[in-house]
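Shown next, in structure tokens, is the structure this report addresses.
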Amino acid sequence: MRSRFLAALPLLIAAVVAGCGQQQAPGGGNAGEAGADIGCPVPAGPIGVATSGRANSPVPVLPPSAEQILRDSIYDVPIGDTGPTISLVEIDGRPSLVAGAAFSSDAEFPQAVDRDRETFLADFRSAASGVRATEPEADVLGALGIAARAARDGGSAGTVVLVDSGLQTVTPLDFSQPGLLDAAPAEVVEFLDRTSAIPDLSGLTVLLAGIGDTAPPQQALDIARQTALVELWSRIARSGGAACVHAVSAPRGSDAVTGVPPVSTVEVPPPPSFDPSSRIVLPDNPTVGFVPGEAVLRDAEAAAGVLRPVADWLAADSQRQARITGTTARHGSLESQIALAFERAETIKRRLVDLGADPTQITTEGVGSEFPGYVPDQGPDGGLLPGPASRNRSVIIEPIAD
């Protein structure tokens with residue numbers, strides 16, 4: 001049998017032919033077994049796979065869990081029948097559906113049909129590995145939307161597999177813009193929902209793989225930012241109505257592909273460090289940032305690690321003093337901004353005291369959005385823009401000279 005998927009890939013024939021000779025022993029199972037592997041039920045419907053062969057991201061490789069979903073889907077097709085459509089979406093600045101095919105075999109004997117199944121799977125595997133970007137930048141949301149439409153081809157609920165770093169570089173989720181990478185996932189999703197930018201994933205099972213995994217020249221993300229990015233894409237999928245979402249934890253590592261259009265790099269700010277001769281700015285990030293609208297640290301334990309040198313410096317000399325100032329985005333009244341900023345400064349003070357500083361050494365104040373360096377953080381609809389809003393939220397610790 002000539003692979004139906006191979007026939008659907010005129011632009012990727014070379015990549016497919018290169019992998020056609022690699023066959024695995026027949027496996028298969030059923031959709032329920034694949035679902036158990038990812039903690040989600042896998043519908044017996046179409047499958048949309050969005051993957052990236054783009055700059056700043058590792059070479060596309062299907063994770064084992066995705067391969068198992070594909071294998072189960074193909075082996076579930078009775079002899080003589082045609083299976084659900086399996087589609088492949090390219091992630092770049094203008095994502096597109098590059099191929100789609102449904103398994104069927106004209107073979108009459110089970111062993112021959114299984115050989116056809118393995119050929120089909122090998123062709124898809126090679127096609128996915130051979131995907132290459134044709135346009136600059138990366139629109140991951142757009143690719144997710146195309147894969148979602150493919151995964152409900154014919155009206156049946158199916159499965160979406162997204163294999164990408166998740167670092168989109170075009171609006172409305174342009175992580176190359178300062179502040180957005182560190183914005184709280186809940187606030188980013190609220191913004192995307194408010195601007196109708198979340199794809200319709202109603203009833204679909206969504207598998208996320210490789211989120212946060214990058215390749216040079218893109219700087220690697222630290223664990224806290226990787227975790228936050230996985231949370232963000234999981235929230236996006238759930239907000240889009242996904243029936244179940246699973247993020248693959250295994251890292252996806254390799255060099256980036258070459259000879260493809262450029263993708264903007266995303267700045268990864270270094271962790272704040274304390275120098276007694278200057279101030280330390282605690283930014284709105286997963287380590288020392290706060291829950292949106294609250295004076296509660298996102299990760300109190302991680303924040304303690306950053307604050308310990310400050311507390312040690314104060315505890316070493318009872319004459320030393322520090323001023324803590326809280327700033328906020330321009331949301332609500334100035335009075336409410338100042339109140340929230342003050343409470344956040346107080347939260348940092350309490351952490352320093354817990355770490356050994358004397359409370360009499362520390363003064364606190366809140367200034368809200370009225371501070372030098374404020375950047376406009378409201379969109380045309382008056383709603384907050386997550387990136388600029390994140391840049392405006394900080395707690396500043398300044399040693400006071402004798």
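Naming works like this for the structure tokens: A, B, ... for the chains as they're shown, residue 1 at the start of each chain, ligands 1 onward in shown order.
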
- Task: From the DSSP assignment of the backbone, select every residue of range 35-217 of chain A that is strand (DSSP E), and format the answer as number ranges by chain.
- Result: A: 47-51, 85-90, 96-102, 159-163, 205-209

Quick one: write out the picked residues with N, CA and C atoms as a PDB file, in the first residue's frame?
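Result written to selection28.pdb:
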ATOM      1  N   ILE A  47      -7.469  13.708  14.883  1.00  0.00           N
ATOM      2  CA  ILE A  47      -6.318  14.157  15.659  1.00  0.00           C
ATOM      3  C   ILE A  47      -5.636  15.286  14.889  1.00  0.00           C
ATOM      4  N   GLY A  48      -5.409  16.406  15.555  1.00  0.00           N
ATOM      5  CA  GLY A  48      -4.681  17.519  14.961  1.00  0.00           C
ATOM      6  C   GLY A  48      -3.368  17.712  15.688  1.00  0.00           C
ATOM      7  N   VAL A  49      -2.264  17.591  14.978  1.00  0.00           N
ATOM      8  CA  VAL A  49      -0.930  17.733  15.575  1.00  0.00           C
ATOM      9  C   VAL A  49      -0.299  19.023  15.054  1.00  0.00           C
ATOM     10  N   ALA A  50       0.005  19.950  15.960  1.00  0.00           N
ATOM     11  CA  ALA A  50       0.687  21.198  15.601  1.00  0.00           C
ATOM     12  C   ALA A  50       2.104  21.129  16.137  1.00  0.00           C
ATOM     13  N   THR A  51       3.078  21.282  15.261  1.00  0.00           N
ATOM     14  CA  THR A  51       4.472  21.184  15.695  1.00  0.00           C
ATOM     15  C   THR A  51       5.321  22.207  14.953  1.00  0.00           C
ATOM     16  N   THR A  85      -9.455  11.342  10.469  1.00  0.00           N
ATOM     17  CA  THR A  85      -8.404  12.138   9.843  1.00  0.00           C
ATOM     18  C   THR A  85      -7.336  12.523  10.856  1.00  0.00           C
ATOM     19  N   ILE A  86      -6.093  12.381  10.459  1.00  0.00           N
ATOM     20  CA  ILE A  86      -4.952  12.812  11.257  1.00  0.00           C
ATOM     21  C   ILE A  86      -4.271  13.939  10.489  1.00  0.00           C
ATOM     22  N   SER A  87      -4.198  15.109  11.105  1.00  0.00           N
ATOM     23  CA  SER A  87      -3.728  16.308  10.420  1.00  0.00           C
ATOM     24  C   SER A  87      -2.437  16.823  11.036  1.00  0.00           C
ATOM     25  N   LEU A  88      -1.656  17.513  10.220  1.00  0.00           N
ATOM     26  CA  LEU A  88      -0.381  18.078  10.647  1.00  0.00           C
ATOM     27  C   LEU A  88      -0.375  19.571  10.359  1.00  0.00           C
ATOM     28  N   VAL A  89      -0.088  20.354  11.400  1.00  0.00           N
ATOM     29  CA  VAL A  89      -0.101  21.822  11.301  1.00  0.00           C
ATOM     30  C   VAL A  89       1.303  22.351  11.554  1.00  0.00           C
ATOM     31  N   GLU A  90       1.740  23.243  10.692  1.00  0.00           N
ATOM     32  CA  GLU A  90       3.054  23.880  10.819  1.00  0.00           C
ATOM     33  C   GLU A  90       2.935  25.139  11.667  1.00  0.00           C
ATOM     34  N   SER A  96      -0.177  26.934   9.230  1.00  0.00           N
ATOM     35  CA  SER A  96      -1.035  26.381   8.190  1.00  0.00           C
ATOM     36  C   SER A  96      -1.130  24.872   8.326  1.00  0.00           C
ATOM     37  N   LEU A  97      -2.215  24.328   7.770  1.00  0.00           N
ATOM     38  CA  LEU A  97      -2.400  22.891   7.694  1.00  0.00           C
ATOM     39  C   LEU A  97      -1.576  22.378   6.517  1.00  0.00           C
ATOM     40  N   VAL A  98      -0.585  21.533   6.787  1.00  0.00           N
ATOM     41  CA  VAL A  98       0.291  21.075   5.704  1.00  0.00           C
ATOM     42  C   VAL A  98      -0.096  19.704   5.175  1.00  0.00           C
ATOM     43  N   ALA A  99      -0.852  18.929   5.932  1.00  0.00           N
ATOM     44  CA  ALA A  99      -1.257  17.616   5.456  1.00  0.00           C
ATOM     45  C   ALA A  99      -2.348  17.051   6.343  1.00  0.00           C
ATOM     46  N   GLY A 100      -3.103  16.143   5.768  1.00  0.00           N
ATOM     47  CA  GLY A 100      -4.111  15.427   6.525  1.00  0.00           C
ATOM     48  C   GLY A 100      -4.510  14.179   5.775  1.00  0.00           C
ATOM     49  N   ALA A 101      -4.655  13.088   6.467  1.00  0.00           N
ATOM     50  CA  ALA A 101      -5.025  11.831   5.824  1.00  0.00           C
ATOM     51  C   ALA A 101      -5.682  10.922   6.847  1.00  0.00           C
ATOM     52  N   ALA A 102      -6.437   9.950   6.349  1.00  0.00           N
ATOM     53  CA  ALA A 102      -7.090   8.957   7.196  1.00  0.00           C
ATOM     54  C   ALA A 102      -6.586   7.575   6.811  1.00  0.00           C
ATOM     55  N   THR A 159      -8.684  14.964  19.339  1.00  0.00           N
ATOM     56  CA  THR A 159      -7.528  15.260  20.168  1.00  0.00           C
ATOM     57  C   THR A 159      -6.611  16.248  19.460  1.00  0.00           C
ATOM     58  N   VAL A 160      -6.065  17.187  20.233  1.00  0.00           N
ATOM     59  CA  VAL A 160      -5.075  18.133  19.737  1.00  0.00           C
ATOM     60  C   VAL A 160      -3.755  17.857  20.439  1.00  0.00           C
ATOM     61  N   VAL A 161      -2.684  17.787  19.652  1.00  0.00           N
ATOM     62  CA  VAL A 161      -1.343  17.638  20.201  1.00  0.00           C
ATOM     63  C   VAL A 161      -0.541  18.870  19.799  1.00  0.00           C
ATOM     64  N   LEU A 162      -0.049  19.612  20.780  1.00  0.00           N
ATOM     65  CA  LEU A 162       0.758  20.808  20.522  1.00  0.00           C
ATOM     66  C   LEU A 162       2.183  20.528  20.972  1.00  0.00           C
ATOM     67  N   VAL A 163       3.114  20.558  20.029  1.00  0.00           N
ATOM     68  CA  VAL A 163       4.528  20.316  20.333  1.00  0.00           C
ATOM     69  C   VAL A 163       5.296  21.581  19.978  1.00  0.00           C
ATOM     70  N   THR A 205      -9.608  16.792  23.751  1.00  0.00           N
ATOM     71  CA  THR A 205      -8.501  16.462  24.638  1.00  0.00           C
ATOM     72  C   THR A 205      -7.255  17.144  24.083  1.00  0.00           C
ATOM     73  N   VAL A 206      -6.493  17.800  24.950  1.00  0.00           N
ATOM     74  CA  VAL A 206      -5.320  18.559  24.503  1.00  0.00           C
ATOM     75  C   VAL A 206      -4.074  18.023  25.195  1.00  0.00           C
ATOM     76  N   LEU A 207      -3.074  17.669  24.387  1.00  0.00           N
ATOM     77  CA  LEU A 207      -1.782  17.219  24.891  1.00  0.00           C
ATOM     78  C   LEU A 207      -0.748  18.291  24.572  1.00  0.00           C
ATOM     79  N   LEU A 208      -0.061  18.780  25.597  1.00  0.00           N
ATOM     80  CA  LEU A 208       0.971  19.802  25.434  1.00  0.00           C
ATOM     81  C   LEU A 208       2.331  19.155  25.637  1.00  0.00           C
ATOM     82  N   ALA A 209       3.264  19.412  24.721  1.00  0.00           N
ATOM     83  CA  ALA A 209       4.596  18.823  24.828  1.00  0.00           C
ATOM     84  C   ALA A 209       5.644  19.864  24.457  1.00  0.00           C
TER      85      ALA A 209
END

- Write out as a VMD selection string which residues come within 12 Å of Gln337 in chain A when counting only C-alpha atoms, dropping same-chain ones fewer than 3 positions away. chain A and resid 293 to 295 326 to 334 340 to 344 365 to 371 392 to 393

- Considering only C-alpha atoms, return as a VMD selection string whatever protein or nucleic-acid residues lie within 8 Å of range 255-269 of chain A, sequence-local ones (same chain, fewer than 6 positions apart) excluded. chain A and resid 53 to 59 132 to 138 167 169 175 to 178 181 215 to 221

Could you save those same residues with N, CA and C atoms as a PDB file, in the first residue's frame?
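Wrote it out as again.pdb, contents follow:
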ATOM      1  N   GLY A  53       9.121  23.411  13.324  1.00  0.00           N
ATOM      2  CA  GLY A  53      10.495  23.283  12.906  1.00  0.00           C
ATOM      3  C   GLY A  53      10.971  24.694  12.635  1.00  0.00           C
ATOM      4  N   ARG A  54      11.111  25.463  13.711  1.00  0.00           N
ATOM      5  CA  ARG A  54      11.367  26.895  13.585  1.00  0.00           C
ATOM      6  C   ARG A  54      12.600  27.300  14.380  1.00  0.00           C
ATOM      7  N   ALA A  55      13.042  28.510  14.153  1.00  0.00           N
ATOM      8  CA  ALA A  55      14.185  29.029  14.888  1.00  0.00           C
ATOM      9  C   ALA A  55      13.858  29.106  16.382  1.00  0.00           C
ATOM     10  N   ASN A  56      14.910  28.948  17.198  1.00  0.00           N
ATOM     11  CA  ASN A  56      14.823  29.100  18.659  1.00  0.00           C
ATOM     12  C   ASN A  56      14.093  27.965  19.357  1.00  0.00           C
ATOM     13  N   SER A  57      13.734  26.922  18.620  1.00  0.00           N
ATOM     14  CA  SER A  57      12.984  25.819  19.196  1.00  0.00           C
ATOM     15  C   SER A  57      13.619  24.503  18.747  1.00  0.00           C
ATOM     16  N   PRO A  58      13.620  23.468  19.593  1.00  0.00           N
ATOM     17  CA  PRO A  58      14.256  22.208  19.210  1.00  0.00           C
ATOM     18  C   PRO A  58      13.625  21.583  17.966  1.00  0.00           C
ATOM     19  N   VAL A  59      14.383  20.730  17.311  1.00  0.00           N
ATOM     20  CA  VAL A  59      13.874  19.991  16.156  1.00  0.00           C
ATOM     21  C   VAL A  59      12.602  19.247  16.556  1.00  0.00           C
ATOM     22  N   ARG A 132       9.039  22.338   8.564  1.00  0.00           N
ATOM     23  CA  ARG A 132       9.939  23.481   8.640  1.00  0.00           C
ATOM     24  C   ARG A 132       9.150  24.775   8.434  1.00  0.00           C
ATOM     25  N   ALA A 133       9.470  25.772   9.241  1.00  0.00           N
ATOM     26  CA  ALA A 133       8.808  27.068   9.143  1.00  0.00           C
ATOM     27  C   ALA A 133       9.082  27.698   7.779  1.00  0.00           C
ATOM     28  N   THR A 134       8.082  28.384   7.263  1.00  0.00           N
ATOM     29  CA  THR A 134       8.249  29.106   6.003  1.00  0.00           C
ATOM     30  C   THR A 134       8.060  30.604   6.166  1.00  0.00           C
ATOM     31  N   GLU A 135       7.598  31.030   7.333  1.00  0.00           N
ATOM     32  CA  GLU A 135       7.376  32.446   7.614  1.00  0.00           C
ATOM     33  C   GLU A 135       8.099  32.823   8.906  1.00  0.00           C
ATOM     34  N   PRO A 136       8.532  34.090   9.042  1.00  0.00           N
ATOM     35  CA  PRO A 136       9.179  34.526  10.287  1.00  0.00           C
ATOM     36  C   PRO A 136       8.209  34.483  11.469  1.00  0.00           C
ATOM     37  N   GLU A 137       8.773  34.444  12.672  1.00  0.00           N
ATOM     38  CA  GLU A 137       8.055  34.520  13.951  1.00  0.00           C
ATOM     39  C   GLU A 137       7.261  33.242  14.225  1.00  0.00           C
ATOM     40  N   ALA A 138       6.477  33.268  15.310  1.00  0.00           N
ATOM     41  CA  ALA A 138       5.762  32.070  15.748  1.00  0.00           C
ATOM     42  C   ALA A 138       4.402  32.449  16.299  1.00  0.00           C
ATOM     43  N   LEU A 167       6.612  29.805  23.179  1.00  0.00           N
ATOM     44  CA  LEU A 167       7.033  31.205  23.173  1.00  0.00           C
ATOM     45  C   LEU A 167       6.580  31.872  21.877  1.00  0.00           C
ATOM     46  N   THR A 169       5.576  34.846  19.348  1.00  0.00           N
ATOM     47  CA  THR A 169       6.242  36.136  19.145  1.00  0.00           C
ATOM     48  C   THR A 169       5.438  37.086  18.271  1.00  0.00           C
ATOM     49  N   PHE A 175       5.647  37.307  23.379  1.00  0.00           N
ATOM     50  CA  PHE A 175       6.526  37.210  24.531  1.00  0.00           C
ATOM     51  C   PHE A 175       7.827  37.990  24.355  1.00  0.00           C
ATOM     52  N   SER A 176       8.094  38.472  23.139  1.00  0.00           N
ATOM     53  CA  SER A 176       9.294  39.298  22.966  1.00  0.00           C
ATOM     54  C   SER A 176       9.088  40.696  23.519  1.00  0.00           C
ATOM     55  N   GLN A 177       7.849  41.051  23.871  1.00  0.00           N
ATOM     56  CA  GLN A 177       7.568  42.337  24.489  1.00  0.00           C
ATOM     57  C   GLN A 177       7.884  42.260  25.986  1.00  0.00           C
ATOM     58  N   PRO A 178       8.623  43.248  26.528  1.00  0.00           N
ATOM     59  CA  PRO A 178       9.044  43.189  27.940  1.00  0.00           C
ATOM     60  C   PRO A 178       7.868  43.017  28.894  1.00  0.00           C
ATOM     61  N   LEU A 181       6.459  37.723  29.613  1.00  0.00           N
ATOM     62  CA  LEU A 181       6.917  36.406  30.054  1.00  0.00           C
ATOM     63  C   LEU A 181       6.686  36.205  31.543  1.00  0.00           C
ATOM     64  N   ALA A 215      15.899  26.386  22.203  1.00  0.00           N
ATOM     65  CA  ALA A 215      17.207  26.078  21.625  1.00  0.00           C
ATOM     66  C   ALA A 215      17.874  27.401  21.266  1.00  0.00           C
ATOM     67  N   PRO A 216      19.229  27.464  21.340  1.00  0.00           N
ATOM     68  CA  PRO A 216      19.935  28.696  20.992  1.00  0.00           C
ATOM     69  C   PRO A 216      19.560  29.163  19.585  1.00  0.00           C
ATOM     70  N   PRO A 217      19.510  30.485  19.373  1.00  0.00           N
ATOM     71  CA  PRO A 217      19.984  31.544  20.269  1.00  0.00           C
ATOM     72  C   PRO A 217      18.996  31.956  21.359  1.00  0.00           C
ATOM     73  N   GLN A 218      17.841  31.311  21.436  1.00  0.00           N
ATOM     74  CA  GLN A 218      16.918  31.643  22.504  1.00  0.00           C
ATOM     75  C   GLN A 218      17.500  31.195  23.836  1.00  0.00           C
ATOM     76  N   GLN A 219      17.564  32.112  24.800  1.00  0.00           N
ATOM     77  CA  GLN A 219      18.048  31.780  26.134  1.00  0.00           C
ATOM     78  C   GLN A 219      17.100  30.800  26.801  1.00  0.00           C
ATOM     79  N   ALA A 220      17.652  29.851  27.522  1.00  0.00           N
ATOM     80  CA  ALA A 220      16.836  28.864  28.224  1.00  0.00           C
ATOM     81  C   ALA A 220      16.029  29.523  29.331  1.00  0.00           C
ATOM     82  N   LEU A 221      14.871  28.957  29.612  1.00  0.00           N
ATOM     83  CA  LEU A 221      14.036  29.435  30.711  1.00  0.00           C
ATOM     84  C   LEU A 221      14.411  28.713  31.996  1.00  0.00           C
TER      85      LEU A 221
END

- Task: Could you find all residues in range 191-396 of chain A that DSSP calls alpha helix (DSSP H) from the backbone, and write them as number ranges by chain?
- Result: A: 191-194, 223-239, 300-315, 334-354, 386-392

With only C-alpha atoms as the counted atoms, please give the residues lying no more than 10 Å from Arg308 in chain A, apart from itself and same-chain residues fewer than 3 positions off, as an mmCIF file with C-alpha atoms, in the first residue's frame.
data_model
loop_
_atom_site.group_PDB
_atom_site.id
_atom_site.type_symbol
_atom_site.label_atom_id
_atom_site.label_comp_id
_atom_site.auth_asym_id
_atom_site.auth_seq_id
_atom_site.Cartn_x
_atom_site.Cartn_y
_atom_site.Cartn_z
ATOM 1 C CA PHE A 274 21.136 42.438 46.433
ATOM 2 C CA ALA A 303 11.016 34.668 47.408
ATOM 3 C CA ALA A 304 12.690 33.831 50.722
ATOM 4 C CA GLY A 305 15.761 32.672 48.824
ATOM 5 C CA ALA A 311 17.764 40.070 55.830
ATOM 6 C CA ASP A 312 21.294 38.913 56.625
ATOM 7 C CA TRP A 313 22.680 42.373 55.788
ATOM 8 C CA LEU A 314 20.181 44.054 58.102
ATOM 9 C CA ARG A 351 9.352 37.994 55.131
ATOM 10 C CA LEU A 352 12.543 39.899 55.998
ATOM 11 C CA ASP A 354 10.928 36.124 59.479
ATOM 12 C CA LEU A 355 14.443 35.756 58.052
ATOM 13 C CA GLY A 356 16.073 37.617 60.949
ATOM 14 C CA ALA A 357 15.751 41.373 60.322
#

- Message: Env of Val281 in chain A: 10 Å cut, atoms = only C-alpha atoms, seq-sep filter 2 positions within chain, self excluded. Answer as a list in words.
- Response: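 The filter keeps Pro271, Pro272, Ser273, Phe274, Ser278, Arg279, Pro283, Asp284, Val288, Ile324, Thr325, Gly326, Ser394, Val395, Ile396, Ile397 and Glu398 of chain A.
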
- Message: Using only C-alpha atoms, can you tell me which of A:Ser239, A:Pro185, A:Ile280, A:Val230 comes closest to Leu201 in chain A?
- Response: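 Distance minimum relative to Leu201 in chain A lands on A:Ser239.
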
- Query: When you draw a straight line from CA of Pro110 in chain A to CA of Pro46 in chain A, how long is it in Å?
  - Reply: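 Taking CA of Pro110 in chain A and CA of Pro46 in chain A, their separation equals 23.3 Å.
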